[in-house]
file data37.cif (mmCIF, N, CA and C atoms)
data_work
loop_
_atom_site.label_atom_id
_atom_site.label_comp_id
_atom_site.auth_asym_id
_atom_site.auth_seq_id
_atom_site.Cartn_x
_atom_site.Cartn_y
_atom_site.Cartn_z
N MET A 221 -15.36 -14.76 5.88
CA MET A 221 -14.70 -14.63 7.15
C MET A 221 -15.36 -13.52 7.96
N PRO A 222 -16.32 -13.83 8.79
CA PRO A 222 -17.09 -12.81 9.49
C PRO A 222 -16.28 -12.00 10.50
N PHE A 223 -15.17 -12.52 10.98
CA PHE A 223 -14.40 -11.78 11.98
C PHE A 223 -13.32 -10.89 11.37
N LEU A 224 -13.28 -10.80 10.05
CA LEU A 224 -12.28 -9.96 9.39
C LEU A 224 -12.94 -8.88 8.57
N SER A 225 -12.36 -7.70 8.61
CA SER A 225 -12.75 -6.63 7.70
C SER A 225 -11.73 -6.60 6.57
N ILE A 226 -12.17 -6.35 5.37
CA ILE A 226 -11.26 -6.30 4.23
C ILE A 226 -11.16 -4.85 3.78
N LEU A 227 -9.94 -4.36 3.73
CA LEU A 227 -9.68 -3.01 3.24
C LEU A 227 -8.88 -3.11 1.96
N LEU A 228 -9.20 -2.30 1.00
CA LEU A 228 -8.40 -2.24 -0.22
C LEU A 228 -7.50 -1.03 -0.15
N ASP A 229 -6.24 -1.22 -0.40
CA ASP A 229 -5.26 -0.14 -0.35
C ASP A 229 -5.24 0.56 -1.72
N PRO A 230 -5.83 1.77 -1.83
CA PRO A 230 -5.92 2.45 -3.13
C PRO A 230 -4.58 2.98 -3.62
N TYR A 231 -3.54 2.95 -2.80
CA TYR A 231 -2.26 3.51 -3.17
C TYR A 231 -1.24 2.45 -3.57
N SER A 232 -1.64 1.19 -3.58
CA SER A 232 -0.69 0.11 -3.86
C SER A 232 -0.47 -0.08 -5.35
N GLY A 233 -1.39 0.36 -6.17
CA GLY A 233 -1.28 0.17 -7.60
C GLY A 233 -1.97 -1.09 -8.07
N PHE A 234 -2.18 -2.06 -7.21
CA PHE A 234 -2.88 -3.27 -7.62
C PHE A 234 -3.96 -3.68 -6.63
N ASN A 235 -4.29 -2.83 -5.70
CA ASN A 235 -5.42 -3.01 -4.78
C ASN A 235 -5.47 -4.38 -4.12
N HIS A 236 -4.41 -4.74 -3.43
CA HIS A 236 -4.42 -6.00 -2.70
C HIS A 236 -5.21 -5.83 -1.40
N PRO A 237 -5.89 -6.87 -0.97
CA PRO A 237 -6.68 -6.74 0.26
C PRO A 237 -5.80 -6.75 1.50
N ILE A 238 -6.22 -5.99 2.49
CA ILE A 238 -5.57 -5.98 3.79
C ILE A 238 -6.60 -6.51 4.77
N PHE A 239 -6.26 -7.54 5.52
CA PHE A 239 -7.20 -8.12 6.46
C PHE A 239 -6.94 -7.57 7.86
N ILE A 240 -7.98 -7.03 8.46
CA ILE A 240 -7.91 -6.45 9.80
C ILE A 240 -8.96 -7.15 10.65
N PRO A 241 -8.60 -7.71 11.80
CA PRO A 241 -9.63 -8.31 12.67
C PRO A 241 -10.71 -7.27 13.00
N SER A 242 -11.98 -7.66 12.87
CA SER A 242 -13.07 -6.71 13.05
C SER A 242 -13.18 -6.18 14.46
N HIS A 243 -12.64 -6.89 15.45
CA HIS A 243 -12.74 -6.40 16.82
C HIS A 243 -11.89 -5.16 17.06
N ILE A 244 -11.01 -4.81 16.11
CA ILE A 244 -10.21 -3.59 16.24
C ILE A 244 -11.09 -2.37 16.02
N GLY A 245 -12.19 -2.53 15.33
CA GLY A 245 -13.14 -1.44 15.15
C GLY A 245 -12.89 -0.60 13.90
N LEU A 246 -12.16 -1.11 12.94
CA LEU A 246 -11.90 -0.38 11.71
C LEU A 246 -12.95 -0.77 10.67
N GLU A 247 -13.59 0.23 10.11
CA GLU A 247 -14.59 -0.06 9.09
C GLU A 247 -13.94 -0.07 7.71
N VAL A 248 -14.65 -0.65 6.75
CA VAL A 248 -14.16 -0.66 5.38
C VAL A 248 -14.00 0.79 4.94
N GLY A 249 -12.86 1.10 4.34
CA GLY A 249 -12.58 2.46 3.88
C GLY A 249 -11.76 3.27 4.87
N PHE A 250 -11.45 2.71 6.03
CA PHE A 250 -10.69 3.44 7.05
C PHE A 250 -9.34 3.91 6.53
N MET A 251 -8.61 3.02 5.87
CA MET A 251 -7.28 3.37 5.36
C MET A 251 -7.37 4.50 4.34
N GLU A 252 -8.35 4.45 3.47
CA GLU A 252 -8.51 5.51 2.48
C GLU A 252 -8.77 6.84 3.14
N LYS A 253 -9.65 6.85 4.15
CA LYS A 253 -9.95 8.09 4.86
C LYS A 253 -8.71 8.66 5.52
N MET A 254 -7.91 7.80 6.12
CA MET A 254 -6.70 8.26 6.79
C MET A 254 -5.67 8.79 5.79
N MET A 255 -5.52 8.10 4.68
CA MET A 255 -4.53 8.49 3.68
C MET A 255 -4.91 9.78 2.96
N LYS A 256 -6.19 10.04 2.83
CA LYS A 256 -6.64 11.21 2.09
C LYS A 256 -6.16 12.50 2.71
N LYS A 257 -5.90 12.54 3.97
CA LYS A 257 -5.54 13.77 4.64
C LYS A 257 -4.09 13.79 5.09
N ARG A 258 -3.23 13.05 4.39
CA ARG A 258 -1.84 13.00 4.83
C ARG A 258 -1.09 14.31 4.64
N PHE A 259 -1.65 15.26 3.88
CA PHE A 259 -1.03 16.56 3.71
C PHE A 259 -1.80 17.67 4.43
N ALA A 260 -2.66 17.30 5.36
CA ALA A 260 -3.45 18.29 6.11
C ALA A 260 -2.50 19.27 6.81
N GLY A 261 -2.82 20.55 6.68
CA GLY A 261 -2.01 21.59 7.31
C GLY A 261 -0.80 22.00 6.51
N LYS A 262 -0.57 21.38 5.36
CA LYS A 262 0.57 21.72 4.51
C LYS A 262 0.14 22.65 3.39
N VAL A 263 1.09 23.42 2.89
CA VAL A 263 0.85 24.33 1.77
C VAL A 263 1.78 23.93 0.63
N ALA A 264 1.21 23.80 -0.57
CA ALA A 264 1.99 23.40 -1.74
C ALA A 264 1.91 24.47 -2.83
N LEU A 265 2.96 24.53 -3.64
CA LEU A 265 2.98 25.37 -4.84
C LEU A 265 3.37 24.47 -6.00
N VAL A 266 2.52 24.45 -7.05
CA VAL A 266 2.75 23.63 -8.23
C VAL A 266 2.91 24.57 -9.43
N THR A 267 4.09 24.54 -10.07
CA THR A 267 4.25 25.36 -11.27
C THR A 267 3.58 24.65 -12.44
N GLY A 268 2.98 25.43 -13.33
CA GLY A 268 2.28 24.84 -14.47
C GLY A 268 1.13 23.96 -14.03
N GLY A 269 0.36 24.44 -13.07
CA GLY A 269 -0.66 23.61 -12.46
C GLY A 269 -2.06 23.73 -13.00
N SER A 270 -2.28 24.47 -14.05
CA SER A 270 -3.66 24.69 -14.50
C SER A 270 -4.19 23.62 -15.44
N ARG A 271 -3.32 22.78 -15.99
CA ARG A 271 -3.80 21.75 -16.93
C ARG A 271 -2.86 20.56 -16.94
N GLY A 272 -3.32 19.48 -17.52
CA GLY A 272 -2.50 18.29 -17.68
C GLY A 272 -2.05 17.68 -16.36
N ILE A 273 -0.79 17.25 -16.34
CA ILE A 273 -0.23 16.61 -15.15
C ILE A 273 -0.25 17.56 -13.96
N GLY A 274 0.07 18.83 -14.19
CA GLY A 274 0.07 19.81 -13.11
C GLY A 274 -1.29 19.92 -12.43
N ALA A 275 -2.35 19.96 -13.22
CA ALA A 275 -3.70 20.03 -12.65
C ALA A 275 -4.01 18.77 -11.85
N GLY A 276 -3.54 17.62 -12.34
CA GLY A 276 -3.71 16.37 -11.60
C GLY A 276 -3.01 16.41 -10.26
N VAL A 277 -1.81 16.98 -10.23
CA VAL A 277 -1.06 17.11 -8.98
C VAL A 277 -1.80 18.05 -8.02
N VAL A 278 -2.31 19.16 -8.55
CA VAL A 278 -3.08 20.10 -7.72
C VAL A 278 -4.29 19.39 -7.11
N ARG A 279 -5.04 18.66 -7.93
CA ARG A 279 -6.22 17.94 -7.43
C ARG A 279 -5.85 16.94 -6.34
N ARG A 280 -4.78 16.19 -6.57
CA ARG A 280 -4.39 15.14 -5.63
C ARG A 280 -3.94 15.74 -4.29
N LEU A 281 -3.08 16.76 -4.35
CA LEU A 281 -2.61 17.40 -3.12
C LEU A 281 -3.78 17.99 -2.33
N ALA A 282 -4.68 18.66 -3.04
CA ALA A 282 -5.85 19.25 -2.37
C ALA A 282 -6.74 18.18 -1.77
N SER A 283 -6.93 17.07 -2.48
CA SER A 283 -7.80 16.00 -1.97
C SER A 283 -7.19 15.35 -0.73
N GLU A 284 -5.88 15.47 -0.58
CA GLU A 284 -5.22 14.89 0.58
C GLU A 284 -4.94 15.92 1.67
N GLY A 285 -5.62 17.08 1.57
CA GLY A 285 -5.62 18.04 2.66
C GLY A 285 -4.74 19.25 2.53
N ALA A 286 -3.90 19.33 1.52
CA ALA A 286 -3.02 20.50 1.37
C ALA A 286 -3.79 21.69 0.81
N ALA A 287 -3.39 22.88 1.23
CA ALA A 287 -3.82 24.10 0.55
C ALA A 287 -2.84 24.26 -0.60
N VAL A 288 -3.35 24.47 -1.81
CA VAL A 288 -2.49 24.42 -2.99
C VAL A 288 -2.56 25.70 -3.80
N ALA A 289 -1.39 26.27 -4.04
CA ALA A 289 -1.25 27.38 -4.99
C ALA A 289 -0.64 26.79 -6.25
N PHE A 290 -0.98 27.37 -7.39
CA PHE A 290 -0.37 26.90 -8.64
C PHE A 290 -0.17 28.08 -9.56
N THR A 291 0.77 27.91 -10.48
CA THR A 291 0.99 28.95 -11.48
C THR A 291 0.41 28.49 -12.81
N TYR A 292 0.09 29.48 -13.63
CA TYR A 292 -0.37 29.21 -14.99
C TYR A 292 0.23 30.29 -15.88
N ALA A 293 0.46 29.95 -17.14
CA ALA A 293 1.10 30.89 -18.05
C ALA A 293 0.09 31.72 -18.83
N ALA A 294 -0.90 31.08 -19.39
CA ALA A 294 -1.79 31.81 -20.30
C ALA A 294 -3.27 31.57 -20.05
N SER A 295 -3.63 30.38 -19.65
CA SER A 295 -5.04 30.01 -19.61
C SER A 295 -5.71 30.34 -18.27
N GLU A 296 -6.10 31.59 -18.12
CA GLU A 296 -6.78 31.98 -16.89
C GLU A 296 -8.12 31.26 -16.75
N ALA A 297 -8.80 30.99 -17.87
CA ALA A 297 -10.08 30.27 -17.81
C ALA A 297 -9.88 28.86 -17.23
N LYS A 298 -8.84 28.15 -17.68
CA LYS A 298 -8.56 26.81 -17.14
C LYS A 298 -8.19 26.90 -15.67
N ALA A 299 -7.45 27.93 -15.30
CA ALA A 299 -7.06 28.11 -13.90
C ALA A 299 -8.30 28.32 -13.03
N GLN A 300 -9.20 29.17 -13.46
CA GLN A 300 -10.42 29.43 -12.69
C GLN A 300 -11.31 28.19 -12.61
N GLU A 301 -11.36 27.43 -13.69
CA GLU A 301 -12.13 26.18 -13.71
C GLU A 301 -11.57 25.19 -12.67
N LEU A 302 -10.24 25.07 -12.61
CA LEU A 302 -9.60 24.18 -11.65
C LEU A 302 -9.86 24.64 -10.22
N ILE A 303 -9.78 25.94 -9.99
CA ILE A 303 -10.06 26.48 -8.64
C ILE A 303 -11.47 26.12 -8.22
N ARG A 304 -12.44 26.34 -9.10
CA ARG A 304 -13.84 26.00 -8.78
C ARG A 304 -14.00 24.52 -8.48
N GLU A 305 -13.36 23.68 -9.29
CA GLU A 305 -13.46 22.23 -9.11
C GLU A 305 -12.89 21.79 -7.75
N VAL A 306 -11.71 22.28 -7.42
CA VAL A 306 -11.07 21.90 -6.16
C VAL A 306 -11.89 22.40 -4.98
N GLU A 307 -12.35 23.64 -5.04
CA GLU A 307 -13.13 24.19 -3.94
C GLU A 307 -14.48 23.49 -3.79
N ALA A 308 -15.08 23.06 -4.90
CA ALA A 308 -16.33 22.31 -4.83
C ALA A 308 -16.14 20.96 -4.15
N SER A 309 -14.92 20.44 -4.21
CA SER A 309 -14.60 19.17 -3.55
C SER A 309 -14.13 19.36 -2.11
N GLY A 310 -14.16 20.61 -1.64
CA GLY A 310 -13.78 20.88 -0.26
C GLY A 310 -12.33 21.28 -0.07
N GLY A 311 -11.59 21.43 -1.16
CA GLY A 311 -10.18 21.81 -1.07
C GLY A 311 -9.99 23.32 -1.11
N LYS A 312 -8.75 23.72 -0.87
CA LYS A 312 -8.41 25.14 -0.90
C LYS A 312 -7.29 25.33 -1.91
N THR A 313 -7.51 26.23 -2.88
CA THR A 313 -6.51 26.46 -3.92
C THR A 313 -6.57 27.90 -4.42
N VAL A 314 -5.47 28.34 -4.99
CA VAL A 314 -5.38 29.67 -5.57
C VAL A 314 -4.40 29.60 -6.74
N GLY A 315 -4.66 30.37 -7.79
CA GLY A 315 -3.79 30.36 -8.96
C GLY A 315 -3.13 31.71 -9.17
N PHE A 316 -1.88 31.70 -9.63
CA PHE A 316 -1.13 32.92 -9.92
C PHE A 316 -0.58 32.84 -11.34
N LYS A 317 -0.75 33.93 -12.09
CA LYS A 317 -0.18 33.99 -13.43
C LYS A 317 1.32 34.21 -13.28
N ALA A 318 2.12 33.33 -13.89
CA ALA A 318 3.57 33.43 -13.81
C ALA A 318 4.22 32.72 -14.98
N ASP A 319 5.31 33.27 -15.45
CA ASP A 319 6.12 32.64 -16.49
C ASP A 319 7.18 31.81 -15.79
N SER A 320 7.12 30.50 -15.94
CA SER A 320 8.04 29.61 -15.24
C SER A 320 9.48 29.74 -15.73
N ALA A 321 9.70 30.39 -16.85
CA ALA A 321 11.06 30.62 -17.33
C ALA A 321 11.66 31.88 -16.69
N SER A 322 10.88 32.60 -15.92
CA SER A 322 11.33 33.83 -15.28
C SER A 322 11.55 33.62 -13.79
N ALA A 323 12.79 33.75 -13.36
CA ALA A 323 13.11 33.61 -11.93
C ALA A 323 12.34 34.64 -11.11
N GLU A 324 12.19 35.82 -11.65
CA GLU A 324 11.45 36.88 -10.95
C GLU A 324 9.98 36.50 -10.74
N ASP A 325 9.34 35.95 -11.78
CA ASP A 325 7.94 35.53 -11.66
C ASP A 325 7.79 34.39 -10.65
N LEU A 326 8.73 33.45 -10.64
CA LEU A 326 8.65 32.34 -9.70
C LEU A 326 8.87 32.80 -8.26
N GLN A 327 9.80 33.73 -8.06
CA GLN A 327 10.01 34.30 -6.73
C GLN A 327 8.74 35.02 -6.25
N LYS A 328 8.11 35.73 -7.17
CA LYS A 328 6.86 36.41 -6.84
C LYS A 328 5.76 35.40 -6.48
N ALA A 329 5.69 34.28 -7.22
CA ALA A 329 4.69 33.25 -6.93
C ALA A 329 4.91 32.64 -5.55
N VAL A 330 6.18 32.42 -5.18
CA VAL A 330 6.48 31.90 -3.85
C VAL A 330 6.03 32.89 -2.79
N LYS A 331 6.35 34.18 -2.99
CA LYS A 331 5.94 35.21 -2.03
C LYS A 331 4.42 35.32 -1.94
N GLN A 332 3.73 35.24 -3.08
CA GLN A 332 2.27 35.29 -3.07
C GLN A 332 1.68 34.08 -2.35
N THR A 333 2.28 32.92 -2.54
CA THR A 333 1.81 31.71 -1.86
C THR A 333 1.91 31.88 -0.35
N VAL A 334 3.06 32.31 0.12
CA VAL A 334 3.27 32.49 1.56
C VAL A 334 2.34 33.58 2.09
N SER A 335 2.19 34.65 1.34
CA SER A 335 1.31 35.75 1.76
C SER A 335 -0.15 35.32 1.83
N THR A 336 -0.58 34.53 0.86
CA THR A 336 -1.99 34.12 0.77
C THR A 336 -2.32 32.93 1.67
N LEU A 337 -1.42 31.93 1.70
CA LEU A 337 -1.73 30.68 2.40
C LEU A 337 -0.94 30.48 3.69
N GLY A 338 0.00 31.38 3.98
CA GLY A 338 0.66 31.37 5.27
C GLY A 338 2.02 30.72 5.36
N SER A 339 2.35 29.84 4.43
CA SER A 339 3.66 29.17 4.45
C SER A 339 3.87 28.48 3.12
N LEU A 340 4.96 27.74 3.01
CA LEU A 340 5.20 26.90 1.84
C LEU A 340 5.96 25.67 2.30
N ASP A 341 5.32 24.51 2.18
CA ASP A 341 5.91 23.25 2.63
C ASP A 341 6.31 22.34 1.49
N ILE A 342 5.60 22.42 0.36
CA ILE A 342 5.80 21.50 -0.76
C ILE A 342 5.92 22.32 -2.04
N PHE A 343 6.96 22.06 -2.82
CA PHE A 343 7.13 22.74 -4.11
C PHE A 343 7.23 21.68 -5.20
N VAL A 344 6.36 21.80 -6.21
CA VAL A 344 6.38 20.86 -7.34
C VAL A 344 6.72 21.63 -8.59
N SER A 345 7.90 21.35 -9.13
CA SER A 345 8.37 22.01 -10.36
C SER A 345 7.86 21.18 -11.54
N ASN A 346 6.71 21.58 -12.06
CA ASN A 346 6.06 20.81 -13.11
C ASN A 346 6.10 21.50 -14.47
N ALA A 347 6.16 22.82 -14.49
CA ALA A 347 6.02 23.56 -15.76
C ALA A 347 7.18 23.28 -16.70
N GLY A 348 6.83 23.11 -17.97
CA GLY A 348 7.85 22.98 -19.00
C GLY A 348 8.39 24.34 -19.36
N ILE A 349 9.67 24.40 -19.60
CA ILE A 349 10.29 25.71 -19.93
C ILE A 349 10.75 25.69 -21.36
#
call {"tool": "encode", "arguments": {"input": "data37.cif", "output": "C-alpha cells"}}
result
Amino acid sequence: MPFLSILLDPYSGFNHPIFIPSHIGLEVGFMEKMMKKRFAGKVALVTGGSRGIGAGVVRRLASEGAAVAFTYAASEAKAQELIREVEASGGKTVGFKADSASAEDLQKAVKQTVSTLGSLDIFVSNAGI
C-alpha cells in the first residue's frame, strides 16, 4: 500500500500496526519518537532504584525525558554504573544513599531531589522494606 505509512506501537504489548495516510507527513517511527519524551520536564524519585526493577524504572523514565533521582541502600558501585549508563544515553539522573525503612532518610531524599533537580513530579515507591 504505497499511500500508507505503517507505524508499530511499541507500548501496546503486541505491536499491532497503525496505518497513517502518507500525505499526513508522518514517517515510520513518529509515534515512538513522540512517546519517548512524554515525561519531558518532569522530575522523578525512585526508591530502591539502583538495581533490578527499580533500575529498569529509572532507565525508562529517563529515556522518556524525566530527570530521575533514585535511592540506593548499599551498592554505590551499582548506583554509579546506572548513572553513567543513563547519562550516556542522554538522560539526567542522580543517586542518593538512603534507607527506605527510615522516614528521615526518605524525607532527606525528597529534599535532595528538589534541591538538585528543582522539583518533584513523580514518586515511585519501589524499595523493599
call {"tool": "resolve_selection", "arguments": {"input": "data37.cif", "expression": "the PyMOL selection byres (((chain A and resi 278 and name CA) around 9) and name CA)", "output": "JSON list (two decimals) with N, CA and C atoms, in the coordinates of the input"}}
result
[["chain", "number", "residue", "atom", "x", "y", "z"],
["A", 264, "ALA", "N", 1.21, 23.80, -0.57],
["A", 264, "ALA", "CA", 1.99, 23.40, -1.74],
["A", 264, "ALA", "C", 1.91, 24.47, -2.83],
["A", 265, "LEU", "N", 2.96, 24.53, -3.64],
["A", 265, "LEU", "CA", 2.98, 25.37, -4.84],
["A", 265, "LEU", "C", 3.37, 24.47, -6.00],
["A", 266, "VAL", "N", 2.52, 24.45, -7.05],
["A", 266, "VAL", "CA", 2.75, 23.63, -8.23],
["A", 266, "VAL", "C", 2.91, 24.57, -9.43],
["A", 269, "GLY", "N", 0.36, 24.44, -13.07],
["A", 269, "GLY", "CA", -0.66, 23.61, -12.46],
["A", 269, "GLY", "C", -2.06, 23.73, -13.00],
["A", 270, "SER", "N", -2.28, 24.47, -14.05],
["A", 270, "SER", "CA", -3.66, 24.69, -14.50],
["A", 270, "SER", "C", -4.19, 23.62, -15.44],
["A", 273, "ILE", "N", -0.79, 17.25, -16.34],
["A", 273, "ILE", "CA", -0.23, 16.61, -15.15],
["A", 273, "ILE", "C", -0.25, 17.56, -13.96],
["A", 274, "GLY", "N", 0.07, 18.83, -14.19],
["A", 274, "GLY", "CA", 0.07, 19.81, -13.11],
["A", 274, "GLY", "C", -1.29, 19.92, -12.43],
["A", 275, "ALA", "N", -2.35, 19.96, -13.22],
["A", 275, "ALA", "CA", -3.70, 20.03, -12.65],
["A", 275, "ALA", "C", -4.01, 18.77, -11.85],
["A", 276, "GLY", "N", -3.54, 17.62, -12.34],
["A", 276, "GLY", "CA", -3.71, 16.37, -11.60],
["A", 276, "GLY", "C", -3.01, 16.41, -10.26],
["A", 277, "VAL", "N", -1.81, 16.98, -10.23],
["A", 277, "VAL", "CA", -1.06, 17.11, -8.98],
["A", 277, "VAL", "C", -1.80, 18.05, -8.02],
["A", 279, "ARG", "N", -5.04, 18.66, -7.93],
["A", 279, "ARG", "CA", -6.22, 17.94, -7.43],
["A", 279, "ARG", "C", -5.85, 16.94, -6.34],
["A", 280, "ARG", "N", -4.78, 16.19, -6.57],
["A", 280, "ARG", "CA", -4.39, 15.14, -5.63],
["A", 280, "ARG", "C", -3.94, 15.74, -4.29],
["A", 281, "LEU", "N", -3.08, 16.76, -4.35],
["A", 281, "LEU", "CA", -2.61, 17.40, -3.12],
["A", 281, "LEU", "C", -3.78, 17.99, -2.33],
["A", 282, "ALA", "N", -4.68, 18.66, -3.04],
["A", 282, "ALA", "CA", -5.85, 19.25, -2.37],
["A", 282, "ALA", "C", -6.74, 18.18, -1.77],
["A", 283, "SER", "N", -6.93, 17.07, -2.48],
["A", 283, "SER", "CA", -7.80, 16.00, -1.97],
["A", 283, "SER", "C", -7.19, 15.35, -0.73],
["A", 288, "VAL", "N", -3.35, 24.47, -1.81],
["A", 288, "VAL", "CA", -2.49, 24.42, -2.99],
["A", 288, "VAL", "C", -2.56, 25.70, -3.80],
["A", 289, "ALA", "N", -1.39, 26.27, -4.04],
["A", 289, "ALA", "CA", -1.25, 27.38, -4.99],
["A", 289, "ALA", "C", -0.64, 26.79, -6.25],
["A", 290, "PHE", "N", -0.98, 27.37, -7.39],
["A", 290, "PHE", "CA", -0.37, 26.90, -8.64],
["A", 290, "PHE", "C", -0.17, 28.08, -9.56],
["A", 302, "LEU", "N", -10.24, 25.07, -12.61],
["A", 302, "LEU", "CA", -9.60, 24.18, -11.65],
["A", 302, "LEU", "C", -9.86, 24.64, -10.22],
["A", 306, "VAL", "N", -11.71, 22.28, -7.42],
["A", 306, "VAL", "CA", -11.07, 21.90, -6.16],
["A", 306, "VAL", "C", -11.89, 22.40, -4.98],
["A", 313, "THR", "N", -7.51, 26.23, -2.88],
["A", 313, "THR", "CA", -6.51, 26.46, -3.92],
["A", 313, "THR", "C", -6.57, 27.90, -4.42]]
call {"tool": "atom_distance", "arguments": {"input": "data37.cif", "atom1": "CA of Ala260 (chain A)", "atom2": "atom N of Ala286 (chain A)"}}
result
4.7 Å
call {"tool": "atom_distance", "arguments": {"input": "data37.cif", "atom1": "atom N of Ile303 (chain A)", "atom2": "atom N of Gly315 (chain A)"}}
result
7.1 Å
call {"tool": "atom_distance", "arguments": {"input": "data37.cif", "atom1": "CA of Arg271 (chain A)", "atom2": "CA of Glu305 (chain A)"}}
result
12.4 Å
call {"tool": "closest_residue", "arguments": {"input": "data37.cif", "among": "A:Lys328, A:Lys312, A:Arg304, A:Lys262", "to": "Asp341 (chain A)", "atoms": "only N, CA and C atoms"}}
result
A:Lys262
call {"tool": "closest_residue", "arguments": {"input": "data37.cif", "among": "A:Ser309, A:Gln332, A:Thr267, A:Gln300", "to": "Gly285 (chain A)", "atoms": "only C-alpha atoms"}}
result
A:Ser309
call {"tool": "select_by_dssp", "arguments": {"input": "data37.cif", "residues": "region 253-331 of chain A", "states": "helix (DSSP H, G or I)", "output": "PyMOL selection string"}}
result
chain A and resi 253-256+272-283+296-308+323-331
call {"tool": "closest_residue", "arguments": {"input": "data37.cif", "among": "A:Ala299, A:Leu337, A:Ile342, A:Ala293", "to": "Ala321 (chain A)", "atoms": "only C-alpha atoms"}}
result
A:Ala293
